[in-house]
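Shown next: coords_13.pdb, given as PDB, C-alpha atoms, pLDDT in the B column.
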```pdb
ATOM      1  CA  MET A 194      16.860 -22.183  13.816  1.00 45.00           C
ATOM      2  CA  SER A 195      18.729 -18.896  13.451  1.00 50.00           C
ATOM      3  CA  ALA A 196      18.499 -16.154  16.068  1.00 46.00           C
ATOM      4  CA  ALA A 197      16.646 -13.966  13.570  1.00 52.00           C
ATOM      5  CA  ALA A 198      14.094 -16.699  12.859  1.00 55.00           C
ATOM      6  CA  GLN A 199      13.400 -17.084  16.598  1.00 60.00           C
ATOM      7  CA  ASN A 200      12.168 -13.473  16.782  1.00 66.00           C
ATOM      8  CA  VAL A 201       9.782 -13.749  13.821  1.00 66.00           C
ATOM      9  CA  PRO A 202       6.086 -14.154  14.674  1.00 73.00           C
ATOM     10  CA  PRO A 203       4.675 -17.660  14.079  1.00 78.00           C
ATOM     11  CA  LEU A 204       2.543 -16.446  11.157  1.00 87.00           C
ATOM     12  CA  PRO A 205       2.929 -13.539   8.742  1.00 92.00           C
ATOM     13  CA  VAL A 206       0.527 -10.628   9.137  1.00 94.00           C
ATOM     14  CA  LEU A 207      -1.776 -10.230   6.141  1.00 97.00           C
ATOM     15  CA  GLY A 208      -2.050  -6.663   4.933  1.00 98.00           C
ATOM     16  CA  VAL A 209      -3.570  -4.723   2.060  1.00 99.00           C
ATOM     17  CA  SER A 210      -2.635  -1.479   0.367  1.00 98.00           C
ATOM     18  CA  ALA A 211      -3.921   0.484  -2.610  1.00 99.00           C
ATOM     19  CA  ALA A 212      -2.122   2.192  -5.460  1.00 98.00           C
ATOM     20  CA  ILE A 213      -4.817   4.809  -6.119  1.00 98.00           C
ATOM     21  CA  PHE A 214      -4.449   6.547  -9.463  1.00 97.00           C
ATOM     22  CA  ASP A 215      -6.087   9.827 -10.412  1.00 95.00           C
ATOM     23  CA  GLY A 216      -5.003  10.196 -14.017  1.00 94.00           C
ATOM     24  CA  ASP A 217      -1.234   9.699 -14.062  1.00 95.00           C
ATOM     25  CA  ARG A 218      -0.712  10.524 -10.393  1.00 96.00           C
ATOM     26  CA  VAL A 219      -0.677   8.036  -7.518  1.00 98.00           C
ATOM     27  CA  LEU A 220      -1.626   8.818  -3.917  1.00 97.00           C
ATOM     28  CA  LEU A 221       1.115   8.358  -1.318  1.00 97.00           C
ATOM     29  CA  LEU A 222       0.871   8.514   2.455  1.00 96.00           C
ATOM     30  CA  ARG A 223       3.684   9.450   4.847  1.00 96.00           C
ATOM     31  CA  ARG A 224       3.886   6.768   7.543  1.00 93.00           C
ATOM     32  CA  GLU A 225       3.753   8.047  11.108  1.00 90.00           C
ATOM     33  CA  GLY A 226       4.545   4.840  12.983  1.00 84.00           C
ATOM     34  CA  ALA A 227       6.984   1.954  12.838  1.00 80.00           C
ATOM     35  CA  PRO A 228       8.049   0.286  10.768  1.00 79.00           C
ATOM     36  CA  TYR A 229       9.335   2.856   8.251  1.00 85.00           C
ATOM     37  CA  ALA A 230       8.147   5.968  10.124  1.00 89.00           C
ATOM     38  CA  GLY A 231       8.503   9.051   7.929  1.00 94.00           C
ATOM     39  CA  CYS A 232       8.650   7.072   4.688  1.00 96.00           C
ATOM     40  CA  TRP A 233       6.180   7.470   1.851  1.00 97.00           C
ATOM     41  CA  SER A 234       3.977   4.450   1.217  1.00 97.00           C
ATOM     42  CA  LEU A 235       0.645   3.378  -0.184  1.00 98.00           C
ATOM     43  CA  PRO A 236      -2.347   3.694   2.152  1.00 97.00           C
ATOM     44  CA  GLY A 237      -3.406   0.409   3.711  1.00 97.00           C
ATOM     45  CA  GLY A 238      -3.213  -1.770   6.777  1.00 96.00           C
ATOM     46  CA  LYS A 239      -4.021  -5.108   8.342  1.00 97.00           C
ATOM     47  CA  VAL A 240      -6.855  -7.413   7.315  1.00 98.00           C
ATOM     48  CA  GLU A 241      -9.242  -8.154  10.169  1.00 98.00           C
ATOM     49  CA  PRO A 242     -10.329 -11.767  10.847  1.00 97.00           C
ATOM     50  CA  GLY A 243     -13.221 -12.740   8.562  1.00 97.00           C
ATOM     51  CA  GLU A 244     -12.768  -9.654   6.365  1.00 98.00           C
ATOM     52  CA  ARG A 245     -12.530 -10.001   2.591  1.00 98.00           C
ATOM     53  CA  LEU A 246      -9.422  -8.448   1.054  1.00 98.00           C
ATOM     54  CA  ALA A 247     -11.282  -5.915  -1.119  1.00 98.00           C
ATOM     55  CA  GLU A 248     -13.376  -4.845   1.886  1.00 98.00           C
ATOM     56  CA  ALA A 249     -10.224  -4.466   3.973  1.00 99.00           C
ATOM     57  CA  VAL A 250      -8.476  -2.240   1.440  1.00 99.00           C
ATOM     58  CA  ARG A 251     -11.566  -0.032   1.042  1.00 98.00           C
ATOM     59  CA  ARG A 252     -11.862   0.307   4.833  1.00 98.00           C
ATOM     60  CA  GLU A 253      -8.170   1.026   5.389  1.00 97.00           C
ATOM     61  CA  VAL A 254      -7.992   3.629   2.604  1.00 96.00           C
ATOM     62  CA  LEU A 255     -11.114   5.381   3.888  1.00 94.00           C
ATOM     63  CA  GLU A 256      -9.757   5.373   7.471  1.00 94.00           C
ATOM     64  CA  GLU A 257      -6.337   6.712   6.455  1.00 93.00           C
ATOM     65  CA  THR A 258      -7.274   9.167   3.704  1.00 92.00           C
ATOM     66  CA  GLY A 259     -11.013   9.880   3.821  1.00 91.00           C
ATOM     67  CA  ILE A 260     -11.208   8.720   0.188  1.00 94.00           C
ATOM     68  CA  SER A 261     -13.604   6.049  -1.111  1.00 96.00           C
ATOM     69  CA  ILE A 262     -12.122   3.920  -3.881  1.00 97.00           C
ATOM     70  CA  ASP A 263     -13.129   1.697  -6.770  1.00 96.00           C
ATOM     71  CA  VAL A 264     -10.958  -1.428  -6.551  1.00 97.00           C
ATOM     72  CA  ALA A 265      -9.790  -2.900  -9.870  1.00 97.00           C
ATOM     73  CA  GLY A 266      -7.972  -5.956  -8.495  1.00 97.00           C
ATOM     74  CA  ILE A 267      -4.758  -7.274  -6.975  1.00 98.00           C
ATOM     75  CA  ALA A 268      -1.779  -5.881  -8.880  1.00 98.00           C
ATOM     76  CA  ASP A 269       1.125  -7.077  -6.722  1.00 98.00           C
ATOM     77  CA  ILE A 270       1.978  -9.155  -3.678  1.00 98.00           C
ATOM     78  CA  ILE A 271       4.928  -8.116  -1.554  1.00 96.00           C
ATOM     79  CA  GLU A 272       6.569  -9.711   1.433  1.00 93.00           C
ATOM     80  CA  VAL A 273       8.383  -7.654   4.052  1.00 87.00           C
ATOM     81  CA  ILE A 274      10.422  -9.017   6.926  1.00 85.00           C
ATOM     82  CA  ASP A 275      11.638  -6.108   9.032  1.00 76.00           C
ATOM     83  CA  ASP A 276      13.745  -6.123  12.166  1.00 68.00           C
ATOM     84  CA  SER A 277      14.928  -2.508  12.085  1.00 67.00           C
ATOM     85  CA  ASP A 278      13.390  -1.679  15.465  1.00 64.00           C
ATOM     86  CA  GLY A 279      14.767  -4.733  17.296  1.00 64.00           C
ATOM     87  CA  THR A 280      11.631  -6.824  16.840  1.00 67.00           C
ATOM     88  CA  SER A 281      10.895  -8.873  13.763  1.00 78.00           C
ATOM     89  CA  ASP A 282       7.774  -8.263  11.742  1.00 82.00           C
ATOM     90  CA  HIS A 283       6.702 -10.418   8.812  1.00 89.00           C
ATOM     91  CA  PHE A 284       4.063  -8.985   6.470  1.00 92.00           C
ATOM     92  CA  VAL A 285       2.484 -10.310   3.283  1.00 96.00           C
ATOM     93  CA  ILE A 286       0.765  -7.397   1.559  1.00 97.00           C
ATOM     94  CA  MET A 287      -1.767  -7.567  -1.269  1.00 98.00           C
ATOM     95  CA  VAL A 288      -1.395  -4.399  -3.342  1.00 98.00           C
ATOM     96  CA  PHE A 289      -4.602  -3.394  -5.117  1.00 99.00           C
ATOM     97  CA  ALA A 290      -4.911  -1.132  -8.145  1.00 98.00           C
ATOM     98  CA  ALA A 291      -7.664   1.415  -7.531  1.00 98.00           C
ATOM     99  CA  GLU A 292      -9.114   4.757  -8.507  1.00 96.00           C
ATOM    100  CA  PRO A 293     -10.927   7.306  -6.349  1.00 96.00           C
ATOM    101  CA  ASP A 294     -14.702   7.006  -6.772  1.00 90.00           C
ATOM    102  CA  SER A 295     -15.104  10.776  -6.407  1.00 75.00           C
ATOM    103  CA  SER A 296     -12.904  13.819  -6.406  1.00 65.00           C
ATOM    104  CA  ALA A 297     -10.232  13.247  -3.815  1.00 62.00           C
ATOM    105  CA  ARG A 298      -9.057  15.967  -1.476  1.00 63.00           C
ATOM    106  CA  THR A 299      -5.496  15.954  -0.228  1.00 65.00           C
ATOM    107  CA  ASP A 300      -5.245  18.888   2.122  1.00 65.00           C
ATOM    108  CA  ASP A 301      -3.617  16.584   4.666  1.00 77.00           C
ATOM    109  CA  ALA A 302       0.173  17.053   4.896  1.00 80.00           C
ATOM    110  CA  LEU A 303       0.566  13.279   5.197  1.00 91.00           C
ATOM    111  CA  LEU A 304      -0.978  12.708   1.744  1.00 94.00           C
ATOM    112  CA  ARG A 305       0.502  13.547  -1.617  1.00 94.00           C
ATOM    113  CA  TRP A 306      -0.431  12.945  -5.268  1.00 95.00           C
ATOM    114  CA  THR A 307       2.802  12.019  -7.031  1.00 96.00           C
ATOM    115  CA  MET A 308       3.929  11.172 -10.533  1.00 98.00           C
ATOM    116  CA  PRO A 309       5.364   7.615 -10.481  1.00 97.00           C
ATOM    117  CA  ALA A 310       8.713   8.876 -11.816  1.00 96.00           C
ATOM    118  CA  GLU A 311       9.097  11.021  -8.662  1.00 97.00           C
ATOM    119  CA  ILE A 312       8.965   7.994  -6.355  1.00 98.00           C
ATOM    120  CA  GLU A 313      12.647   7.185  -6.831  1.00 96.00           C
ATOM    121  CA  THR A 314      13.526  10.603  -5.342  1.00 97.00           C
ATOM    122  CA  LEU A 315      11.538   9.973  -2.145  1.00 97.00           C
ATOM    123  CA  GLU A 316      12.298   7.979   0.980  1.00 97.00           C
ATOM    124  CA  THR A 317       9.816   5.114   0.641  1.00 97.00           C
ATOM    125  CA  THR A 318       8.855   1.757   2.034  1.00 93.00           C
ATOM    126  CA  PRO A 319      10.422  -1.294   0.329  1.00 90.00           C
ATOM    127  CA  GLN A 320       9.223  -2.183  -3.164  1.00 94.00           C
ATOM    128  CA  LEU A 321       6.946   0.869  -3.479  1.00 96.00           C
ATOM    129  CA  GLY A 322       8.103   1.771  -6.984  1.00 97.00           C
ATOM    130  CA  GLN A 323       7.619  -1.803  -8.207  1.00 97.00           C
ATOM    131  CA  SER A 324       4.104  -2.018  -6.779  1.00 97.00           C
ATOM    132  CA  VAL A 325       3.077   1.338  -8.272  1.00 98.00           C
ATOM    133  CA  GLU A 326       4.337   0.316 -11.727  1.00 97.00           C
ATOM    134  CA  ARG A 327       2.522  -3.028 -11.537  1.00 97.00           C
ATOM    135  CA  ALA A 328      -0.704  -1.321 -10.446  1.00 97.00           C
ATOM    136  CA  ARG A 329      -0.431   1.227 -13.261  1.00 96.00           C
ATOM    137  CA  ALA A 330       0.039  -1.619 -15.773  1.00 96.00           C
ATOM    138  CA  PHE A 331      -2.915  -3.487 -14.233  1.00 95.00           C
ATOM    139  CA  LEU A 332      -5.209  -0.464 -14.673  1.00 95.00           C
ATOM    140  CA  ARG A 333      -3.930   0.165 -18.205  1.00 92.00           C
ATOM    141  CA  ASP A 334      -4.589  -3.489 -19.167  1.00 90.00           C
ATOM    142  CA  ALA A 335      -8.056  -3.376 -17.579  1.00 84.00           C
ATOM    143  CA  LEU A 336      -8.891  -0.266 -19.603  1.00 76.00           C
ATOM    144  CA  VAL A 337      -7.758  -1.927 -22.850  1.00 74.00           C
ATOM    145  CA  ALA A 338      -9.856  -5.018 -22.066  1.00 73.00           C
ATOM    146  CA  GLN A 339     -13.052  -2.944 -21.744  1.00 68.00           C
TER     147      GLN A 339
END
```
So, in terms of structure tokens, how does the structure I just supplied come out?
Amino acid sequence: MSAAAQNVPPLPVLGVSAAIFDGDRVLLLRREGAPYAGCWSLPGGKVEPGERLAEAVRREVLEETGISIDVAGIADIIEVIDDSDGTSDHFVIMVFAAEPDSSARTDDALLRWTMPAEIETLETTPQLGQSVERARAFLRDALVAQ
């Protein structure tokens, strides 16, 4: 077993996040804590034991943004193994495509509605651009199927 593997937790942490689209714009959140403090990301967090994934993403988004969402479905799954702070974290994150269920306020400096093309100019968490594009395609396909 490698030294890096010895520092990894025995099980990955299951997380959820939401690519919330209001028209063409997606909601980003500036992370305050490690890992990736200061980077732009999708709102989300850890799934609690016994909690369904869709319930977890609704709860996390409401806690972090004050916005209630309509969840369309899982658009991407990402895996992050991070040891940038000297400890190893292993996350598996279900990325949901979603829309706000009412008008969303973003007077918080940690929140920002962004055009997907702008993401490449921002300091972001890993794979953010990929997840946003997959969520946008998921919502577009769901709209066509209706």
So which residues touch Glu257 of chain A within 8 Å, counting all atoms listed in the file, skipping near sequence neighbours fewer than 4 positions away, as a PyMOL selection string?
chain A and resi 236-237+253
Could you write out as number ranges by chain the residues that the PyMOL selection byres ((chain A and resi 283-294) around 10) matches in the shown file?
A: 201-216, 219-220, 235-240, 246-247, 250-251, 260-276, 281-282, 295-297, 321, 324-325, 327-332
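Reported to one decimal place, the separation of atom CA of Arg218 of chain A from atom CA of Glu316 of chain A is 17.5 Å.
For the pair atom CA of Asp301 of chain A and atom CA of Thr314 of chain A, the interatomic distance is 20.7 Å.
When atom CA of Ala310 of chain A is paired with atom CA of Tyr229 of chain A, their separation reads 21.0 Å.
With only C-alpha atoms as the atoms that count, the minimum distance from Trp233 of chain A to the choices A:Ala335, A:Leu221, A:Gly259, A:Arg252 is reached by A:Leu221.
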Centre and edges of the segment 259-273 of chain A box, axis-aligned, 6 Å extra per side, as AutoDock Vina command-line options:
```
--center_x -2.6 --center_y 0.1 --center_z -2.9 --size_x 34.0 --size_y 31.6 --size_z 25.9
```
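Taking only C-alpha atoms into account, Arg333 of chain A lies nearest to A:Asp217 out of the set A:Val254, A:Glu244, A:Asp217, A:Ala227.
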